[in-house]
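Engineer: Dropping in structure.cif, with mmCIF, C-alpha atoms.
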data_protein
loop_
_atom_site.group_PDB
_atom_site.id
_atom_site.type_symbol
_atom_site.label_atom_id
_atom_site.label_comp_id
_atom_site.auth_asym_id
_atom_site.auth_seq_id
_atom_site.Cartn_x
_atom_site.Cartn_y
_atom_site.Cartn_z
ATOM 1 C CA GLN I 1 -2.083 23.512 -4.205
ATOM 2 C CA VAL I 2 -0.621 22.807 -7.652
ATOM 3 C CA ALA I 3 2.574 24.696 -6.803
ATOM 4 C CA LYS I 4 2.820 22.890 -3.465
ATOM 5 C CA ARG I 5 2.205 19.482 -5.086
ATOM 6 C CA ASP I 6 4.943 20.224 -7.637
ATOM 7 C CA GLY I 7 7.549 20.704 -4.923
ATOM 8 C CA GLY I 8 6.812 24.141 -3.520
ATOM 9 C CA GLY I 9 9.040 27.188 -3.718
ATOM 10 C CA ARG I 10 7.290 28.349 -6.872
ATOM 11 C CA PHE I 11 4.069 29.896 -8.113
ATOM 12 C CA VAL I 12 1.544 28.730 -10.681
ATOM 13 C CA ASN I 13 -0.865 30.879 -12.641
ATOM 14 C CA TYR I 14 -4.544 29.989 -12.322
ATOM 15 C CA ASP I 15 -5.993 27.913 -15.132
ATOM 16 C CA LYS I 16 -9.660 26.862 -15.404
ATOM 17 C CA THR I 17 -8.597 23.234 -15.847
ATOM 18 C CA MET I 18 -7.331 23.328 -12.255
ATOM 19 C CA GLU I 19 -10.939 23.508 -11.031
ATOM 20 C CA THR I 20 -11.808 20.328 -12.907
ATOM 21 C CA GLY I 21 -8.792 18.556 -11.458
ATOM 22 C CA ALA I 22 -9.664 19.680 -7.929
ATOM 23 C CA ARG I 23 -13.280 18.537 -8.336
ATOM 24 C CA GLU I 24 -12.137 15.169 -9.671
ATOM 25 C CA ARG I 25 -9.716 14.709 -6.736
ATOM 26 C CA LEU I 26 -12.451 15.630 -4.269
ATOM 27 C CA ALA I 27 -14.850 13.136 -5.875
ATOM 28 C CA LEU I 28 -12.186 10.407 -5.891
ATOM 29 C CA THR I 29 -11.408 11.103 -2.235
ATOM 30 C CA SER I 30 -15.062 10.594 -1.387
ATOM 31 C CA ASP I 31 -15.148 7.455 -3.555
ATOM 32 C CA LEU I 32 -12.027 6.118 -1.785
ATOM 33 C CA ARG I 33 -13.729 6.424 1.592
ATOM 34 C CA ALA I 34 -16.709 4.499 0.243
ATOM 35 C CA ALA I 35 -14.417 1.917 -1.413
ATOM 36 C CA LEU I 36 -12.943 1.027 1.974
ATOM 37 C CA GLU I 37 -16.436 0.490 3.388
ATOM 38 C CA ARG I 38 -17.688 -1.473 0.373
ATOM 39 C CA GLY I 39 -14.587 -3.646 -0.069
ATOM 40 C CA GLU I 40 -13.778 -2.498 -3.599
ATOM 41 C CA PHE I 41 -10.048 -3.153 -3.252
ATOM 42 C CA GLU I 42 -8.335 -6.333 -4.331
ATOM 43 C CA LEU I 43 -4.765 -7.534 -4.171
ATOM 44 C CA TYR I 44 -3.174 -8.917 -7.310
ATOM 45 C CA TYR I 45 -0.081 -11.026 -6.771
ATOM 46 C CA GLN I 46 2.845 -10.522 -9.108
ATOM 47 C CA PRO I 47 5.084 -13.590 -9.021
ATOM 48 C CA LYS I 48 8.786 -13.271 -8.252
ATOM 49 C CA VAL I 49 10.811 -15.902 -10.073
ATOM 50 C CA ASP I 50 14.230 -17.261 -9.090
ATOM 51 C CA ALA I 51 16.371 -16.781 -12.211
ATOM 52 C CA SER I 52 18.448 -19.935 -11.757
ATOM 53 C CA SER I 53 15.673 -22.414 -10.889
ATOM 54 C CA LEU I 54 12.836 -20.612 -12.722
ATOM 55 C CA GLN I 55 10.651 -21.357 -9.693
ATOM 56 C CA ILE I 56 8.185 -18.875 -8.260
ATOM 57 C CA THR I 57 9.603 -18.056 -4.848
ATOM 58 C CA ALA I 58 7.498 -15.103 -3.800
ATOM 59 C CA ALA I 59 4.670 -12.828 -4.825
ATOM 60 C CA GLU I 60 4.320 -9.085 -4.484
ATOM 61 C CA ALA I 61 0.917 -7.839 -3.344
ATOM 62 C CA LEU I 62 -0.277 -5.062 -5.628
ATOM 63 C CA ILE I 63 -3.467 -3.207 -4.773
ATOM 64 C CA ARG I 64 -6.170 -2.608 -7.349
ATOM 65 C CA TRP I 65 -9.389 -0.626 -7.009
ATOM 66 C CA HIS I 66 -12.531 -1.744 -8.789
ATOM 67 C CA HIS I 67 -14.523 1.486 -8.907
ATOM 68 C CA PRO I 68 -18.256 0.843 -9.432
ATOM 69 C CA THR I 69 -18.548 3.288 -12.369
ATOM 70 C CA LYS I 70 -14.965 4.014 -13.485
ATOM 71 C CA GLY I 71 -13.819 0.401 -13.575
ATOM 72 C CA LEU I 72 -10.239 -0.388 -12.625
ATOM 73 C CA VAL I 73 -8.570 2.753 -11.202
ATOM 74 C CA SER I 74 -4.783 2.843 -11.419
ATOM 75 C CA PRO I 75 -2.816 2.948 -8.147
ATOM 76 C CA GLY I 76 -0.901 5.817 -9.753
ATOM 77 C CA VAL I 77 -4.145 7.786 -9.583
ATOM 78 C CA PHE I 78 -5.614 6.763 -6.231
ATOM 79 C CA ILE I 79 -2.507 6.264 -4.044
ATOM 80 C CA PRO I 80 -1.450 9.949 -4.170
ATOM 81 C CA ILE I 81 -5.035 10.958 -3.340
ATOM 82 C CA ALA I 82 -5.089 8.450 -0.470
ATOM 83 C CA GLU I 83 -1.817 9.918 0.832
ATOM 84 C CA GLN I 84 -3.082 13.507 0.594
ATOM 85 C CA SER I 85 -6.412 12.688 2.235
ATOM 86 C CA GLY I 86 -4.993 10.578 5.055
ATOM 87 C CA LEU I 87 -6.733 7.404 3.816
ATOM 88 C CA ILE I 88 -3.423 5.688 3.056
ATOM 89 C CA GLN I 89 -3.221 4.396 6.622
ATOM 90 C CA GLN I 90 -6.523 2.519 6.385
ATOM 91 C CA ILE I 91 -5.683 1.222 2.924
ATOM 92 C CA GLY I 92 -2.230 0.104 4.081
ATOM 93 C CA ASP I 93 -3.763 -1.682 7.071
ATOM 94 C CA TRP I 94 -6.166 -3.490 4.749
ATOM 95 C CA VAL I 95 -3.300 -4.519 2.434
ATOM 96 C CA LEU I 96 -1.283 -5.971 5.335
ATOM 97 C CA GLU I 97 -4.271 -7.913 6.636
ATOM 98 C CA ASP I 98 -5.308 -9.271 3.245
ATOM 99 C CA ALA I 99 -1.733 -10.240 2.307
ATOM 100 C CA CYS I 100 -1.353 -12.179 5.575
ATOM 101 C CA ARG I 101 -4.727 -13.836 5.021
ATOM 102 C CA GLN I 102 -3.700 -14.888 1.494
ATOM 103 C CA SER I 103 -0.308 -16.148 2.695
ATOM 104 C CA ALA I 104 -2.080 -18.378 5.224
ATOM 105 C CA LYS I 105 -4.461 -19.619 2.540
ATOM 106 C CA TRP I 106 -1.535 -20.566 0.279
ATOM 107 C CA ARG I 107 0.245 -22.258 3.178
ATOM 108 C CA ASN I 108 -2.870 -24.339 3.848
ATOM 109 C CA LEU I 109 -2.768 -25.410 0.194
ATOM 110 C CA GLY I 110 0.854 -26.524 0.588
ATOM 111 C CA LEU I 111 2.493 -23.451 -1.006
ATOM 112 C CA ARG I 112 5.231 -21.837 1.057
ATOM 113 C CA MET I 113 6.341 -18.613 -0.531
ATOM 114 C CA ARG I 114 7.046 -15.131 0.649
ATOM 115 C CA VAL I 115 4.563 -12.333 0.139
ATOM 116 C CA ALA I 116 5.929 -8.814 -0.308
ATOM 117 C CA VAL I 117 3.901 -5.756 0.670
ATOM 118 C CA ASN I 118 4.686 -2.095 0.118
ATOM 119 C CA LEU I 119 4.513 0.106 3.192
ATOM 120 C CA SER I 120 3.639 3.790 2.972
ATOM 121 C CA ALA I 121 5.649 6.558 4.598
ATOM 122 C CA ILE I 122 2.899 6.963 7.181
ATOM 123 C CA GLN I 123 2.991 3.270 8.069
ATOM 124 C CA ILE I 124 6.779 3.102 8.362
ATOM 125 C CA ARG I 125 6.733 6.084 10.766
ATOM 126 C CA GLN I 126 4.125 4.561 13.080
ATOM 127 C CA ASP I 127 5.674 3.304 16.263
ATOM 128 C CA THR I 128 3.079 0.498 16.307
ATOM 129 C CA ILE I 129 3.735 -0.864 12.800
ATOM 130 C CA VAL I 130 5.946 -3.785 13.879
ATOM 131 C CA ALA I 131 3.502 -4.842 16.606
ATOM 132 C CA GLN I 132 0.680 -4.591 14.084
ATOM 133 C CA ILE I 133 2.506 -6.809 11.576
ATOM 134 C CA VAL I 134 3.509 -9.328 14.257
ATOM 135 C CA GLY I 135 -0.118 -9.408 15.454
ATOM 136 C CA LEU I 136 -1.362 -10.130 11.938
ATOM 137 C CA MET I 137 1.249 -12.858 11.461
ATOM 138 C CA LYS I 138 0.115 -14.507 14.693
ATOM 139 C CA LYS I 139 -3.554 -14.148 13.756
ATOM 140 C CA TYR I 140 -3.012 -15.923 10.420
ATOM 141 C CA GLY I 141 -0.150 -18.215 11.414
ATOM 142 C CA VAL I 142 2.296 -16.558 9.025
ATOM 143 C CA GLU I 143 5.996 -17.023 9.759
ATOM 144 C CA PRO I 144 8.215 -13.919 9.612
ATOM 145 C CA SER I 145 10.206 -15.485 6.755
ATOM 146 C CA GLN I 146 7.026 -15.526 4.676
ATOM 147 C CA LEU I 147 6.536 -11.743 4.737
ATOM 148 C CA THR I 148 8.698 -9.089 3.114
ATOM 149 C CA CYS I 149 8.065 -5.388 3.720
ATOM 150 C CA GLU I 150 9.167 -3.040 0.961
ATOM 151 C CA ILE I 151 9.452 0.734 0.831
ATOM 152 C CA THR I 152 10.458 3.220 -1.842
ATOM 153 C CA GLU I 153 13.689 5.167 -1.760
ATOM 154 C CA SER I 154 11.781 8.386 -1.074
ATOM 155 C CA VAL I 155 10.150 6.803 1.995
ATOM 156 C CA ALA I 156 13.509 5.578 3.253
ATOM 157 C CA MET I 157 15.106 8.988 2.841
ATOM 158 C CA GLY I 158 12.144 10.977 4.227
ATOM 159 C CA ASP I 159 12.893 10.315 7.891
ATOM 160 C CA THR I 160 15.999 8.156 7.984
ATOM 161 C CA GLU I 161 16.208 7.884 11.765
ATOM 162 C CA THR I 162 12.639 6.590 12.166
ATOM 163 C CA THR I 163 12.962 4.320 9.136
ATOM 164 C CA GLN I 164 16.169 2.813 10.507
ATOM 165 C CA LYS I 165 14.566 2.197 13.922
ATOM 166 C CA THR I 166 11.544 0.570 12.282
ATOM 167 C CA PHE I 167 13.754 -1.659 10.138
ATOM 168 C CA GLU I 168 15.789 -2.692 13.151
ATOM 169 C CA ALA I 169 12.586 -3.624 14.993
ATOM 170 C CA MET I 170 11.398 -5.542 11.940
ATOM 171 C CA GLY I 171 14.701 -7.389 11.820
ATOM 172 C CA ARG I 172 14.355 -8.344 15.488
ATOM 173 C CA ALA I 173 10.878 -9.684 14.640
ATOM 174 C CA GLY I 174 12.377 -11.830 11.874
ATOM 175 C CA LEU I 175 10.937 -9.845 8.976
#
Once you've parsed the file, please lay out its structure as structure tokens.
Structural biologist:
Amino acid sequence: QVAKRDGGGRFVNYDKTMETGARERLALTSDLRAALERGEFELYYQPKVDASSLQITAAEALIRWHHPTKGLVSPGVFIPIAEQSGLIQQIGDWVLEDACRQSAKWRNLGLRMRVAVNLSAIQIRQDTIVAQIVGLMKKYGVEPSQLTCEITESVAMGDTETTQKTFEAMGRAGL
């Protein structure tokens, strides 16, 4: 698994520390499942500032996990585990929903700014992702101009044909 995780096409000699790492990943996977049920995730919003006006024009939704015993767990630790375990889909769905809910809340307070969310490779390859996002926008009364979907370069290059089709559909939806 270590060789595979490091890109494959190689071998790795067994080391006792690998057992500890595997046990920790297994425990965190179990904890992630429970975190979804218990609502231990929270979105922090990093402001995006227009350089010329110095006004906050948008906010990027960044997920944080408040583990009951470990405290704040870094996304750099739990996102790869969520991807490997297949939990990234549920977490991504929660992020989209909560970001739309927060956008509506800000709108009701008189703030009109875009919210940016990061989509996983699994989400971007779902043929229902655009309908899901449009459904959430309707549910919360969020305009397409208020939501920005972001992906990493590796996601974009992973399956370029599907990514391009998804982006085209998002563009048609006004995202």
Engineer: Since I can't run it myself right now, could you work out what the PyMOL selection byres ((chain I and resi 73) around 12) selects here and report it as a PDB file with C-alpha atoms, in the coordinates of the input?
Structural biologist:
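selection20.pdb, written as the output of this step:
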ATOM      1  CA  LEU I  28     -12.186  10.407  -5.891  1.00  0.00           C
ATOM      2  CA  ASP I  31     -15.148   7.455  -3.555  1.00  0.00           C
ATOM      3  CA  LEU I  32     -12.027   6.118  -1.785  1.00  0.00           C
ATOM      4  CA  ALA I  35     -14.417   1.917  -1.413  1.00  0.00           C
ATOM      5  CA  GLU I  40     -13.778  -2.498  -3.599  1.00  0.00           C
ATOM      6  CA  PHE I  41     -10.048  -3.153  -3.252  1.00  0.00           C
ATOM      7  CA  GLU I  42      -8.335  -6.333  -4.331  1.00  0.00           C
ATOM      8  CA  ILE I  63      -3.467  -3.207  -4.773  1.00  0.00           C
ATOM      9  CA  ARG I  64      -6.170  -2.608  -7.349  1.00  0.00           C
ATOM     10  CA  TRP I  65      -9.389  -0.626  -7.009  1.00  0.00           C
ATOM     11  CA  HIS I  66     -12.531  -1.744  -8.789  1.00  0.00           C
ATOM     12  CA  HIS I  67     -14.523   1.486  -8.907  1.00  0.00           C
ATOM     13  CA  PRO I  68     -18.256   0.843  -9.432  1.00  0.00           C
ATOM     14  CA  THR I  69     -18.548   3.288 -12.369  1.00  0.00           C
ATOM     15  CA  LYS I  70     -14.965   4.014 -13.485  1.00  0.00           C
ATOM     16  CA  GLY I  71     -13.819   0.401 -13.575  1.00  0.00           C
ATOM     17  CA  LEU I  72     -10.239  -0.388 -12.625  1.00  0.00           C
ATOM     18  CA  SER I  74      -4.783   2.843 -11.419  1.00  0.00           C
ATOM     19  CA  PRO I  75      -2.816   2.948  -8.147  1.00  0.00           C
ATOM     20  CA  GLY I  76      -0.901   5.817  -9.753  1.00  0.00           C
ATOM     21  CA  VAL I  77      -4.145   7.786  -9.583  1.00  0.00           C
ATOM     22  CA  PHE I  78      -5.614   6.763  -6.231  1.00  0.00           C
ATOM     23  CA  ILE I  79      -2.507   6.264  -4.044  1.00  0.00           C
ATOM     24  CA  ILE I  81      -5.035  10.958  -3.340  1.00  0.00           C
TER      25      ILE I  81
END
Engineer: Would you mind listing what lies within 12 Å of Asn108 (chain I) as a PyMOL selection string, with all atoms listed in the file counted and same-chain residues fewer than 6 positions away left out?
Structural biologist: chain I and resi 101-102+140-142
Engineer: Considering only C-alpha atoms, return as an MDAnalysis selection string whatever protein or nucleic-acid residues lie within 8 Å of region 128-130 of chain I, sequence-local ones (same chain, fewer than 2 positions apart) excluded.
Structural biologist: chainID I and resid 123:126 132:134 166 169:170 173
Engineer: Just the number, please: distance in Å from CA of Leu36 (chain I) to CA of Ser120 (chain I), one decimal.
Structural biologist: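 Atom-to-atom, CA of Leu36 (chain I) and CA of Ser120 (chain I) are spaced 16.8 Å apart.
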Engineer: Run the PyMOL selection byres ((chain I and resi 156-163) around 9) on the file and write out the hits as an mmCIF file with C-alpha atoms, keeping the file's coordinate frame.
Structural biologist:
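Below you can see selection_5.cif, which holds the result:
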data_model
loop_
_atom_site.group_PDB
_atom_site.id
_atom_site.type_symbol
_atom_site.label_atom_id
_atom_site.label_comp_id
_atom_site.auth_asym_id
_atom_site.auth_seq_id
_atom_site.Cartn_x
_atom_site.Cartn_y
_atom_site.Cartn_z
ATOM 1 C CA ALA I 121 5.649 6.558 4.598
ATOM 2 C CA ILE I 124 6.779 3.102 8.362
ATOM 3 C CA ARG I 125 6.733 6.084 10.766
ATOM 4 C CA GLN I 126 4.125 4.561 13.080
ATOM 5 C CA ASP I 127 5.674 3.304 16.263
ATOM 6 C CA ILE I 151 9.452 0.734 0.831
ATOM 7 C CA THR I 152 10.458 3.220 -1.842
ATOM 8 C CA GLU I 153 13.689 5.167 -1.760
ATOM 9 C CA SER I 154 11.781 8.386 -1.074
ATOM 10 C CA VAL I 155 10.150 6.803 1.995
ATOM 11 C CA GLN I 164 16.169 2.813 10.507
ATOM 12 C CA LYS I 165 14.566 2.197 13.922
ATOM 13 C CA THR I 166 11.544 0.570 12.282
ATOM 14 C CA PHE I 167 13.754 -1.659 10.138
ATOM 15 C CA GLU I 168 15.789 -2.692 13.151
#
Engineer: Find the distance between CA of Thr148 (chain I) and CA of Ala82 (chain I) and write it in Å to one decimal.
Structural biologist: 22.6 Å
Engineer: What gap, in Å, lies between CA of Lys138 (chain I) and CA of Ala58 (chain I)?
Structural biologist: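 For CA of Lys138 (chain I) relative to CA of Ala58 (chain I), the distance reads 19.9 Å.
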Engineer: Find the residue from I:Glu24, I:Ala104, I:Arg33, I:Ala116 that sits nearest to Lys48 (chain I); use all atoms listed in the file when measuring.
Structural biologist: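 Of the candidates, the smallest distance to Lys48 (chain I) is held by I:Ala116.
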Engineer: Given the file above and the PyMOL selection byres ((chain I and resi 96) around 9), which residues are selected, and can you give them as an MDAnalysis selection string?
Structural biologist: chainID I and resid 91:95 97:101 117:119 133 136
Engineer: Find the residues near Met113 (chain I): any atom within 9 Å, counting only C-alpha atoms, skip ones fewer than 2 places away on the same chain, and give them as a list of chain:residue names.
Structural biologist: I:Ile56, I:Thr57, I:Ala58, I:Ala59, I:Ser103, I:Trp106, I:Arg107, I:Leu111, I:Val115, I:Ser145, I:Gln146, I:Leu147
